[in-house]
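input.pdb follows; it contains PDB, C-alpha atoms.
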ATOM      1  CA  MET A   1       3.678 -29.744  -0.774
ATOM      2  CA  HIS A   2       5.688 -26.573  -0.285
ATOM      3  CA  SER A   3       7.558 -26.366   2.980
ATOM      4  CA  LYS A   4       8.904 -22.812   2.696
ATOM      5  CA  ASN A   5       8.139 -20.824   5.808
ATOM      6  CA  ARG A   6       8.941 -17.358   4.490
ATOM      7  CA  THR A   7       6.932 -14.396   5.803
ATOM      8  CA  TYR A   8       5.610 -11.553   3.649
ATOM      9  CA  SER A   9       5.304  -8.197   5.356
ATOM     10  CA  ALA A  10       2.704  -5.483   5.081
ATOM     11  CA  LYS A  11       3.572  -2.338   3.168
ATOM     12  CA  LEU A  12       3.078   1.394   3.530
ATOM     13  CA  LEU A  13       2.518   3.528   0.451
ATOM     14  CA  LEU A  14       4.024   6.813   1.575
ATOM     15  CA  PHE A  15       3.108   8.604  -1.642
ATOM     16  CA  GLY A  16       1.175   7.657  -4.757
ATOM     17  CA  GLU A  17      -2.353   6.768  -3.624
ATOM     18  CA  TYR A  18      -4.621   7.113  -6.666
ATOM     19  CA  GLY A  19      -1.921   9.024  -8.565
ATOM     20  CA  LEU A  20      -0.251   5.745  -9.526
ATOM     21  CA  LEU A  21      -3.328   4.911 -11.611
ATOM     22  CA  TYR A  22      -2.433   7.877 -13.804
ATOM     23  CA  ASN A  23       1.323   7.342 -13.870
ATOM     24  CA  SER A  24       2.430   9.429 -10.924
ATOM     25  CA  MET A  25       5.502   8.311  -9.024
ATOM     26  CA  GLY A  26       4.976   6.103  -5.987
ATOM     27  CA  LEU A  27       7.077   5.399  -2.914
ATOM     28  CA  ALA A  28       6.327   2.312  -0.843
ATOM     29  CA  VAL A  29       8.141   0.641   2.033
ATOM     30  CA  PRO A  30       7.854  -2.685   3.883
ATOM     31  CA  TYR A  31       6.070  -2.538   7.228
ATOM     32  CA  PRO A  32       7.221  -5.677   9.074
ATOM     33  CA  ARG A  33       5.068  -5.056  12.170
ATOM     34  CA  PHE A  34       2.410  -7.059  10.292
ATOM     35  CA  SER A  35       3.031 -10.063   8.036
ATOM     36  CA  GLY A  36       1.614 -13.273   6.652
ATOM     37  CA  GLN A  37       2.828 -16.729   5.652
ATOM     38  CA  PHE A  38       1.512 -19.956   4.180
ATOM     39  CA  SER A  39       0.462 -22.651   6.581
ATOM     40  CA  TYR A  40      -0.943 -26.190   6.553
ATOM     41  CA  GLU A  41      -1.671 -26.160  10.264
ATOM     42  CA  ALA A  42      -5.300 -26.978  10.951
ATOM     43  CA  LYS A  43      -6.745 -24.396  13.335
ATOM     44  CA  SER A  44     -10.483 -24.589  12.648
ATOM     45  CA  SER A  45     -10.525 -20.795  12.769
ATOM     46  CA  GLN A  46     -12.652 -18.366  10.776
ATOM     47  CA  GLN A  47      -9.475 -16.882   9.326
ATOM     48  CA  GLN A  48      -8.379 -20.288   8.026
ATOM     49  CA  LYS A  49     -11.783 -20.991   6.514
ATOM     50  CA  SER A  50     -11.991 -17.563   4.850
ATOM     51  CA  SER A  51      -8.426 -17.835   3.580
ATOM     52  CA  GLN A  52      -8.990 -21.241   2.001
ATOM     53  CA  GLU A  53     -12.196 -20.065   0.324
ATOM     54  CA  SER A  54     -10.410 -17.005  -1.044
ATOM     55  CA  LEU A  55      -7.431 -19.060  -2.265
ATOM     56  CA  TRP A  56      -9.712 -21.467  -4.140
ATOM     57  CA  LYS A  57     -11.413 -18.522  -5.858
ATOM     58  CA  LEU A  58      -8.024 -17.055  -6.721
ATOM     59  CA  PHE A  59      -6.909 -20.409  -8.103
ATOM     60  CA  GLN A  60      -9.983 -20.529 -10.377
ATOM     61  CA  TYR A  61      -9.311 -16.962 -11.488
ATOM     62  CA  LEU A  62      -5.704 -17.793 -12.384
ATOM     63  CA  GLN A  63      -6.844 -20.841 -14.326
ATOM     64  CA  ASN A  64      -9.586 -19.009 -16.200
ATOM     65  CA  ASN A  65      -7.390 -16.038 -17.060
ATOM     66  CA  SER A  66      -4.513 -18.151 -18.340
ATOM     67  CA  GLN A  67      -1.813 -16.729 -16.078
ATOM     68  CA  ALA A  68       0.750 -19.038 -17.626
ATOM     69  CA  PHE A  69       3.591 -17.895 -15.367
ATOM     70  CA  ILE A  70       1.892 -19.517 -12.340
ATOM     71  CA  ASN A  71       2.102 -23.279 -11.774
ATOM     72  CA  THR A  72      -1.612 -23.731 -11.085
ATOM     73  CA  LYS A  73      -1.294 -27.533 -10.862
ATOM     74  CA  LEU A  74       1.089 -27.268  -7.915
ATOM     75  CA  PHE A  75      -1.061 -24.537  -6.394
ATOM     76  CA  GLU A  76      -4.153 -26.766  -6.661
ATOM     77  CA  GLN A  77      -2.306 -29.711  -5.147
ATOM     78  CA  ASP A  78      -1.247 -27.658  -2.134
ATOM     79  CA  LEU A  79      -4.770 -26.286  -1.699
ATOM     80  CA  LYS A  80      -6.069 -29.847  -1.554
ATOM     81  CA  ASN A  81      -3.495 -30.520   1.149
ATOM     82  CA  GLY A  82      -4.954 -27.732   3.307
ATOM     83  CA  LEU A  83      -2.897 -24.672   2.298
ATOM     84  CA  TRP A  84      -4.012 -21.331   3.753
ATOM     85  CA  PHE A  85      -2.501 -17.895   4.372
ATOM     86  CA  GLN A  86      -2.038 -17.060   8.043
ATOM     87  CA  SER A  87      -1.782 -13.303   8.382
ATOM     88  CA  SER A  88      -1.638 -10.609  11.054
ATOM     89  CA  ILE A  89      -2.095  -7.838   8.469
ATOM     90  CA  PRO A  90      -5.381  -5.987   9.125
ATOM     91  CA  GLN A  91      -7.647  -6.183   6.106
ATOM     92  CA  LYS A  92      -9.041  -2.988   4.556
ATOM     93  CA  TYR A  93      -6.474  -0.885   6.408
ATOM     94  CA  GLY A  94      -4.262   0.292   3.552
ATOM     95  CA  LEU A  95      -1.422  -2.033   4.554
ATOM     96  CA  GLY A  96      -1.449  -4.349   1.540
ATOM     97  CA  SER A  97      -3.039  -7.467   3.015
ATOM     98  CA  SER A  98      -3.888  -8.766  -0.461
ATOM     99  CA  GLY A  99      -0.461  -7.675  -1.711
ATOM    100  CA  ALA A 100       1.287  -9.900   0.828
ATOM    101  CA  LEU A 101      -0.841 -12.857  -0.260
ATOM    102  CA  VAL A 102      -0.131 -12.172  -3.939
ATOM    103  CA  ALA A 103       3.593 -11.937  -3.162
ATOM    104  CA  ALA A 104       3.426 -15.342  -1.474
ATOM    105  CA  ILE A 105       1.566 -16.896  -4.424
ATOM    106  CA  TYR A 106       4.055 -15.477  -6.892
ATOM    107  CA  ASP A 107       7.098 -16.396  -4.832
ATOM    108  CA  GLN A 108       6.063 -20.004  -4.345
ATOM    109  CA  TYR A 109       4.196 -20.813  -7.549
ATOM    110  CA  VAL A 110       5.793 -18.827 -10.360
ATOM    111  CA  ARG A 111       7.114 -21.243 -12.966
ATOM    112  CA  SER A 112      10.887 -21.433 -12.662
ATOM    113  CA  ASP A 113      11.346 -21.153 -16.430
ATOM    114  CA  LEU A 114       9.284 -17.949 -16.492
ATOM    115  CA  LYS A 115      10.609 -16.331 -13.316
ATOM    116  CA  GLN A 116      11.649 -12.738 -13.909
ATOM    117  CA  THR A 117      14.543 -10.754 -12.474
ATOM    118  CA  ASP A 118      13.475  -7.399 -13.902
ATOM    119  CA  TYR A 119      11.465  -5.577 -11.249
ATOM    120  CA  LYS A 120       9.257  -3.866 -13.821
ATOM    121  CA  LEU A 121       8.206  -7.228 -15.282
ATOM    122  CA  ILE A 122       7.724  -8.744 -11.828
ATOM    123  CA  LYS A 123       5.523  -5.776 -10.872
ATOM    124  CA  SER A 124       3.441  -6.317 -14.004
ATOM    125  CA  GLN A 125       2.904 -10.004 -13.256
ATOM    126  CA  LEU A 126       2.049  -9.267  -9.629
ATOM    127  CA  ALA A 127      -0.472  -6.659 -10.784
ATOM    128  CA  ASP A 128      -2.112  -9.271 -13.015
ATOM    129  CA  ILE A 129      -2.651 -11.533 -10.012
ATOM    130  CA  GLU A 130      -3.807  -8.775  -7.644
ATOM    131  CA  SER A 131      -6.393  -7.564 -10.154
ATOM    132  CA  PHE A 132      -8.446 -10.494  -8.837
ATOM    133  CA  PHE A 133      -8.953  -8.544  -5.607
ATOM    134  CA  HIS A 134      -9.306  -4.934  -6.744
ATOM    135  CA  GLY A 135     -10.141  -4.946 -10.447
ATOM    136  CA  LYS A 136      -7.077  -2.806 -11.191
ATOM    137  CA  SER A 137      -3.732  -2.962  -9.443
ATOM    138  CA  SER A 138      -0.464  -1.048  -9.748
ATOM    139  CA  GLY A 139       1.441  -4.106  -8.496
ATOM    140  CA  ILE A 140       3.494  -2.051  -6.058
ATOM    141  CA  ASP A 141       1.990  -3.584  -2.872
ATOM    142  CA  PRO A 142       2.944  -7.181  -3.703
ATOM    143  CA  LEU A 143       6.289  -6.033  -5.143
ATOM    144  CA  VAL A 144       7.304  -4.524  -1.794
ATOM    145  CA  SER A 145       6.116  -7.623   0.094
ATOM    146  CA  TYR A 146       7.866  -9.925  -2.373
ATOM    147  CA  SER A 147      11.203  -8.078  -2.387
ATOM    148  CA  GLN A 148      11.147  -6.719   1.195
ATOM    149  CA  LYS A 149      12.640  -3.465  -0.125
ATOM    150  CA  PRO A 150      11.449   0.137  -0.369
ATOM    151  CA  PHE A 151      10.536   0.926  -3.966
ATOM    152  CA  LEU A 152      10.377   4.025  -6.096
ATOM    153  CA  VAL A 153       7.987   3.515  -8.977
ATOM    154  CA  ASN A 154       6.943   5.589 -11.958
ATOM    155  CA  LYS A 155       5.948   4.915 -15.551
ATOM    156  CA  GLU A 156       9.473   4.093 -16.695
ATOM    157  CA  ILE A 157      11.328   3.190 -13.503
ATOM    158  CA  VAL A 158      10.795   0.452 -10.919
ATOM    159  CA  GLU A 159      13.761   0.420  -8.575
ATOM    160  CA  PRO A 160      14.606  -0.204  -4.914
ATOM    161  CA  VAL A 161      15.779   2.833  -2.956
ATOM    162  CA  ASP A 162      17.822   3.191   0.219
ATOM    163  CA  ILE A 163      15.561   5.388   2.321
ATOM    164  CA  HIS A 164      17.422   4.794   5.586
ATOM    165  CA  SER A 165      20.688   6.439   4.537
ATOM    166  CA  GLN A 166      18.858   9.362   2.955
ATOM    167  CA  GLN A 167      16.741  10.003   6.039
ATOM    168  CA  GLN A 168      19.319   9.734   8.822
ATOM    169  CA  GLU A 169      19.904  13.474   9.135
ATOM    170  CA  SER A 170      16.400  14.529   8.104
ATOM    171  CA  PRO A 171      13.906  16.109  10.537
ATOM    172  CA  ILE A 172      11.035  14.256   8.871
ATOM    173  CA  SER A 173       9.081  11.776  10.982
ATOM    174  CA  VAL A 174       6.279   9.535   9.745
ATOM    175  CA  PHE A 175       3.390   8.247  11.842
ATOM    176  CA  LEU A 176       0.121   6.369  11.512
ATOM    177  CA  ILE A 177      -3.289   7.124  12.975
ATOM    178  CA  ASP A 178      -5.693   4.222  13.418
ATOM    179  CA  THR A 179      -9.198   5.359  12.442
ATOM    180  CA  GLY A 180     -10.654   2.300  14.134
ATOM    181  CA  MET A 181     -12.721   1.381  11.098
ATOM    182  CA  PRO A 182     -12.003  -0.690   7.974
ATOM    183  CA  GLY A 183     -12.140   0.825   4.505
ATOM    184  CA  SER A 184     -13.022  -0.820   1.201
ATOM    185  CA  THR A 185     -10.439  -0.483  -1.552
ATOM    186  CA  GLN A 186     -12.939  -1.552  -4.202
ATOM    187  CA  VAL A 187     -15.571   0.987  -3.115
ATOM    188  CA  GLN A 188     -13.050   3.841  -2.957
ATOM    189  CA  MET A 189     -11.479   2.827  -6.250
ATOM    190  CA  ASP A 190     -14.859   2.711  -7.984
ATOM    191  CA  TYR A 191     -15.690   6.171  -6.656
ATOM    192  CA  PHE A 192     -12.365   7.590  -7.835
ATOM    193  CA  MET A 193     -12.612   6.073 -11.313
ATOM    194  CA  HIS A 194     -16.180   7.391 -11.607
ATOM    195  CA  ARG A 195     -14.972  10.881 -10.678
ATOM    196  CA  CYS A 196     -12.234  10.625 -13.293
ATOM    197  CA  GLN A 197     -14.896  10.437 -15.989
ATOM    198  CA  ASP A 198     -15.363  14.148 -15.275
ATOM    199  CA  LYS A 199     -12.795  15.928 -17.469
ATOM    200  CA  ASP A 200     -12.391  18.830 -15.045
ATOM    201  CA  PHE A 201     -11.667  16.475 -12.147
ATOM    202  CA  LEU A 202      -9.198  14.455 -14.221
ATOM    203  CA  THR A 203      -7.449  17.653 -15.296
ATOM    204  CA  LYS A 204      -6.995  18.624 -11.635
ATOM    205  CA  ILE A 205      -5.565  15.172 -10.892
ATOM    206  CA  ARG A 206      -3.079  15.417 -13.745
ATOM    207  CA  GLU A 207      -2.100  19.068 -13.437
ATOM    208  CA  ARG A 208      -2.111  19.591  -9.663
ATOM    209  CA  PHE A 209      -2.301  16.361  -7.699
ATOM    210  CA  ILE A 210       0.224  14.231  -9.613
ATOM    211  CA  PRO A 211       2.937  16.938  -9.855
ATOM    212  CA  GLY A 212       2.497  17.417  -6.089
ATOM    213  CA  VAL A 213       2.957  13.693  -5.457
ATOM    214  CA  ASN A 214       6.102  13.594  -7.602
ATOM    215  CA  SER A 215       7.583  16.682  -5.932
ATOM    216  CA  SER A 216       6.804  15.288  -2.478
ATOM    217  CA  ILE A 217       8.664  12.071  -3.241
ATOM    218  CA  ARG A 218      11.719  13.905  -4.529
ATOM    219  CA  ALA A 219      11.775  16.154  -1.458
ATOM    220  CA  TYR A 220      11.297  13.237   0.933
ATOM    221  CA  LEU A 221      14.075  11.158  -0.617
ATOM    222  CA  LYS A 222      16.463  14.124  -0.374
ATOM    223  CA  GLY A 223      15.447  14.882   3.211
ATOM    224  CA  MET A 224      14.245  18.361   2.193
ATOM    225  CA  ALA A 225      11.728  18.900   4.998
ATOM    226  CA  PHE A 226      10.728  22.487   4.149
ATOM    227  CA  ASP A 227       9.955  21.619   0.518
ATOM    228  CA  LEU A 228       8.162  18.422   1.520
ATOM    229  CA  PHE A 229       5.864  20.171   3.978
ATOM    230  CA  LEU A 230       4.991  22.818   1.377
ATOM    231  CA  MET A 231       3.974  20.030  -1.002
ATOM    232  CA  LEU A 232       2.108  18.146   1.717
ATOM    233  CA  ASP A 233       0.149  21.244   2.662
ATOM    234  CA  ASP A 234      -1.186  21.473  -0.889
ATOM    235  CA  MET A 235      -1.752  17.711  -1.170
ATOM    236  CA  VAL A 236      -3.758  17.517   2.056
ATOM    237  CA  ARG A 237      -5.882  20.510   1.040
ATOM    238  CA  PHE A 238      -6.497  18.834  -2.310
ATOM    239  CA  GLN A 239      -7.589  15.609  -0.625
ATOM    240  CA  LEU A 240      -9.939  17.484   1.697
ATOM    241  CA  GLU A 241     -11.542  19.220  -1.283
ATOM    242  CA  TYR A 242     -11.684  16.428  -3.855
ATOM    243  CA  PHE A 243     -11.307  13.151  -1.900
ATOM    244  CA  GLU A 244     -13.700  13.981   0.927
ATOM    245  CA  PRO A 245     -15.736  10.714   0.744
ATOM    246  CA  MET A 246     -12.475   8.794   1.212
ATOM    247  CA  ILE A 247     -11.670  10.574   4.488
ATOM    248  CA  PRO A 248     -13.474   9.341   7.625
ATOM    249  CA  SER A 249     -15.577  12.353   8.662
ATOM    250  CA  THR A 250     -14.575  12.152  12.314
ATOM    251  CA  PHE A 251     -10.952  12.891  11.343
ATOM    252  CA  VAL A 252     -11.506  15.923   9.114
ATOM    253  CA  LYS A 253     -11.191  18.308  12.077
ATOM    254  CA  LEU A 254      -7.909  16.658  13.101
ATOM    255  CA  ILE A 255      -6.526  16.994   9.566
ATOM    256  CA  LYS A 256      -7.501  20.677   9.447
ATOM    257  CA  LEU A 257      -5.832  21.206  12.829
ATOM    258  CA  GLY A 258      -2.528  20.111  11.349
ATOM    259  CA  LEU A 259      -2.959  22.367   8.330
ATOM    260  CA  ASP A 260      -3.769  25.380  10.500
ATOM    261  CA  SER A 261      -0.754  24.856  12.757
ATOM    262  CA  GLY A 262       1.653  23.721  10.032
ATOM    263  CA  GLU A 263       3.113  21.287  12.544
ATOM    264  CA  HIS A 264       1.932  18.058  10.973
ATOM    265  CA  PHE A 265       0.193  16.886   7.812
ATOM    266  CA  ILE A 266      -2.216  13.946   7.690
ATOM    267  CA  LYS A 267      -3.266  12.311   4.421
ATOM    268  CA  LEU A 268      -4.764   9.100   3.121
ATOM    269  CA  CYS A 269      -2.884   5.866   3.625
ATOM    270  CA  GLY A 270      -3.725   3.791   0.571
ATOM    271  CA  SER A 271      -7.269   4.039  -0.764
ATOM    272  CA  GLY A 272      -8.784   5.540   2.389
ATOM    273  CA  GLY A 273     -12.341   5.142   3.612
ATOM    274  CA  GLY A 274     -11.004   3.940   6.964
ATOM    275  CA  GLY A 275      -7.986   1.966   8.094
ATOM    276  CA  TYR A 276      -4.912   4.076   8.783
ATOM    277  CA  LEU A 277      -4.185   7.702   8.009
ATOM    278  CA  LEU A 278      -0.562   8.660   7.299
ATOM    279  CA  GLY A 279       1.101  11.637   8.948
ATOM    280  CA  PHE A 280       4.313  13.607   8.506
ATOM    281  CA  THR A 281       5.866  16.002  11.002
ATOM    282  CA  HIS A 282       9.118  17.848  11.699
ATOM    283  CA  ASP A 283       8.611  17.691  15.486
ATOM    284  CA  ILE A 284       7.463  14.239  16.515
ATOM    285  CA  ASN A 285       7.458  15.005  20.241
ATOM    286  CA  ARG A 286       5.201  18.022  19.746
ATOM    287  CA  THR A 287       2.929  16.014  17.428
ATOM    288  CA  ARG A 288       2.740  13.165  19.922
ATOM    289  CA  GLU A 289       1.617  15.657  22.567
ATOM    290  CA  VAL A 290      -0.952  17.380  20.311
ATOM    291  CA  LEU A 291      -2.373  14.041  19.161
ATOM    292  CA  ARG A 292      -2.128  12.319  22.538
ATOM    293  CA  ARG A 293      -5.799  11.309  22.388
ATOM    294  CA  GLU A 294      -5.302   9.514  19.095
ATOM    295  CA  ASN A 295      -3.938   6.021  18.621
ATOM    296  CA  ILE A 296      -0.798   7.098  16.755
ATOM    297  CA  GLU A 297       2.146   4.923  15.888
ATOM    298  CA  ILE A 298       5.554   6.296  15.000
ATOM    299  CA  ILE A 299       7.264   4.693  11.991
ATOM    300  CA  PRO A 300      11.003   4.770  12.781
ATOM    301  CA  LEU A 301      13.175   5.636   9.771
ATOM    302  CA  VAL A 302      10.967   3.765   7.328
ATOM    303  CA  GLY A 303      12.880   1.620   4.916
ATOM    304  CA  LYS A 304      15.770   0.763   7.221
TER     305      LYS A 304
END

Step by step, read the file and then write its structure as C-alpha cells.
Amino acid sequence: MHSKNRTYSAKLLLFGEYGLLYNSMGLAVPYPRFSGQFSYEAKSSQQQKSSQESLWKLFQYLQNNSQAFINTKLFEQDLKNGLWFQSSIPQKYGLGSSGALVAAIYDQYVRSDLKQTDYKLIKSQLADIESFFHGKSSGIDPLVSYSQKPFLVNKEIVEPVDIHSQQQESPISVFLIDTGMPGSTQVQMDYFMHRCQDKDFLTKIRERFIPGVNSSIRAYLKGMAFDLFLMLDDMVRFQLEYFEPMIPSTFVKLIKLGLDSGEHFIKLCGSGGGGYLLGFTHDINRTREVLRRENIEIIPLVGK
C-alpha cells in the first residue's frame, strides 16, 4: 500500500486550447487553489464511490491497452485496499481534474525501471493514460500537475518556463470568470474534430488561429502587453465566430463588451462549454469594477 501523501494541483492552460491538437504552442501553469491526492480514508461519500469506480475502469483500460510503464499489479492491490482520489478540483471546469488524477497514477505507479526524465517522453506517457478520459490528450494537463511547473509546449519543445520573473514588471493581469455551469470536454472535443473535417475550417485554424496562439505566447512571456492584446483581440473574435457552441451564450455579450472597450479580453479556458472563462487585462482595478457583477478571480503572477 502506498503511503505517499503528495498533492497534485489543478492547472490553467493560458494558451493552446484546441490549437495543441494541431501542433500549436501551449502555455500551462499550476493552479494550486484546487488539488487532489490519493486516500484510503473511508468516507462513504459519493465522491469516494465515483472515484473508486472510475479508478477501476482506468485500471482495466491500462491492463487492456498494455501500458507497460505502469505497475498495474501494484495499482490493483491498492485499489483492493480502498484507494481513491480525493479532489477539490471542479470537474468539467477546464482546470485539469483528470490531469491531476493521471499525474498521481503516473507518479505513484510508473515502473521504476521505465521512469523517464525527459519531459517530452513523460508528456507522451501521460497523454497515453489520459486518453482514457478524453479519447485524445496532449498530455500537458497531467504534466503540469506532475511537475508542479509552468510549461511551454510545442511540437519539438517541452520545457518548464519561469513565468514569475518574466511577468514582474508587466502590466498584464490574468483572471477567471466562473460561468456557473460545467462543460463537457468530450462533447466539445467531438464538435471541434468534426468541424476540422471541413477543409476551409481547418485552413482557418492552421493559418489564422494557431499563428495567433503562438504569437500570444511569445508576447506574454516577454511581458509585451500591447502586442499580446492585439493578438488576443483577434483570437477572441475568432472564437466568437468559429467556436460559438463552446461559449456559454449568456457570456457572449460580456466578451463583446471587452472587445468593444479594448480594456479586457475573455476567451475559452480549456475546452469550453462551461466551467471557467479566462481573461486578460492591463488594468485589473478597472476590470474588477466593470465586471463587479461577475464572479471573477484574479490569478496573481501565475507561475510564481

Margin query: Once the PyMOL selection byres ((chain A and resi 102) around 8) is applied to the coordinates I shared, what remains selected? I want it as a ChimeraX atom specification.
Written below: /A:98-101,103-106,126,129-130,142

Next item on the list: Kindly give the distance, in Å, that separates atom CA of A:Pro32 and atom CA of A:Lys136, rounded to a single decimal.
Entry: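 Spanning atom CA of A:Pro32 to atom CA of A:Lys136 is a straight-line distance of 25.0 Å.
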
Notebook entry, point to check: Quick one: residues within 10 Å of stretch 144-157 of chain A, only C-alpha atoms counted, chain neighbours fewer than 2 positions away excluded, as a count of residues only?
Noted result: 56

Check: Which protein, DNA or RNA residues have an atom at most 7 Å from (10.1, 11.7, 15.8), counting all atoms listed in the file? List them as a list in words.
Finding: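 It turns out the residues near that spot are Ser173, Asp283, Ile284 and Asn285 of chain A.
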
Item checked: Chain and number of each residue from the PyMOL selection byres ((chain A and resi 185) around 9), as a PyMOL selection string -> chain A and resi 92-94+134+183-184+186-190+270-273

Could you write out that same residue set with C-alpha atoms as an mmCIF file, in the coordinates of the input?
data_model
loop_
_atom_site.group_PDB
_atom_site.id
_atom_site.type_symbol
_atom_site.label_atom_id
_atom_site.label_comp_id
_atom_site.auth_asym_id
_atom_site.auth_seq_id
_atom_site.Cartn_x
_atom_site.Cartn_y
_atom_site.Cartn_z
ATOM 1 C CA LYS A 92 -9.041 -2.988 4.556
ATOM 2 C CA TYR A 93 -6.474 -0.885 6.408
ATOM 3 C CA GLY A 94 -4.262 0.292 3.552
ATOM 4 C CA HIS A 134 -9.306 -4.934 -6.744
ATOM 5 C CA GLY A 183 -12.140 0.825 4.505
ATOM 6 C CA SER A 184 -13.022 -0.820 1.201
ATOM 7 C CA GLN A 186 -12.939 -1.552 -4.202
ATOM 8 C CA VAL A 187 -15.571 0.987 -3.115
ATOM 9 C CA GLN A 188 -13.050 3.841 -2.957
ATOM 10 C CA MET A 189 -11.479 2.827 -6.250
ATOM 11 C CA ASP A 190 -14.859 2.711 -7.984
ATOM 12 C CA GLY A 270 -3.725 3.791 0.571
ATOM 13 C CA SER A 271 -7.269 4.039 -0.764
ATOM 14 C CA GLY A 272 -8.784 5.540 2.389
ATOM 15 C CA GLY A 273 -12.341 5.142 3.612
#

Take stretch 85-102 of chain A, bring it up to N, CA and C atoms, and give me the output as a short mmCIF file (atom, residue, chain, number, x, y, z; two decimals), keeping the file's coordinate frame.
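Wrote it out as selection14.cif, contents follow:
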data_model
loop_
_atom_site.label_atom_id
_atom_site.label_comp_id
_atom_site.auth_asym_id
_atom_site.auth_seq_id
_atom_site.Cartn_x
_atom_site.Cartn_y
_atom_site.Cartn_z
N PHE A 85 -3.42 -19.01 4.12
CA PHE A 85 -2.50 -17.90 4.37
C PHE A 85 -2.81 -17.32 5.74
N GLN A 86 -1.87 -17.52 6.67
CA GLN A 86 -2.04 -17.06 8.04
C GLN A 86 -1.43 -15.66 8.16
N SER A 87 -2.25 -14.68 8.47
CA SER A 87 -1.78 -13.30 8.38
C SER A 87 -2.21 -12.47 9.58
N SER A 88 -1.31 -11.58 10.00
CA SER A 88 -1.64 -10.61 11.05
C SER A 88 -1.93 -9.23 10.46
N ILE A 89 -1.89 -9.13 9.13
CA ILE A 89 -2.10 -7.84 8.47
C ILE A 89 -3.59 -7.49 8.50
N PRO A 90 -3.95 -6.37 9.09
CA PRO A 90 -5.38 -5.99 9.12
C PRO A 90 -5.91 -5.80 7.70
N GLN A 91 -7.05 -6.35 7.42
CA GLN A 91 -7.65 -6.18 6.11
C GLN A 91 -8.37 -4.85 6.02
N LYS A 92 -8.37 -4.26 4.83
CA LYS A 92 -9.04 -2.99 4.56
C LYS A 92 -8.47 -1.86 5.42
N TYR A 93 -7.14 -1.90 5.60
CA TYR A 93 -6.47 -0.88 6.41
C TYR A 93 -5.39 -0.14 5.64
N GLY A 94 -5.27 -0.40 4.34
CA GLY A 94 -4.26 0.29 3.55
C GLY A 94 -2.85 -0.24 3.75
N LEU A 95 -2.74 -1.47 4.26
CA LEU A 95 -1.42 -2.03 4.55
C LEU A 95 -1.03 -3.15 3.59
N GLY A 96 -1.83 -3.37 2.55
CA GLY A 96 -1.45 -4.35 1.54
C GLY A 96 -1.66 -5.78 1.96
N SER A 97 -2.79 -6.08 2.60
CA SER A 97 -3.04 -7.47 3.02
C SER A 97 -3.15 -8.39 1.80
N SER A 98 -3.81 -7.94 0.75
CA SER A 98 -3.89 -8.77 -0.46
C SER A 98 -2.55 -8.81 -1.17
N GLY A 99 -1.78 -7.71 -1.08
CA GLY A 99 -0.46 -7.68 -1.71
C GLY A 99 0.48 -8.71 -1.13
N ALA A 100 0.43 -8.90 0.19
CA ALA A 100 1.29 -9.90 0.83
C ALA A 100 0.91 -11.30 0.36
N LEU A 101 -0.39 -11.56 0.23
CA LEU A 101 -0.84 -12.86 -0.26
C LEU A 101 -0.40 -13.08 -1.70
N VAL A 102 -0.55 -12.06 -2.53
CA VAL A 102 -0.13 -12.17 -3.94
C VAL A 102 1.37 -12.41 -4.03
#
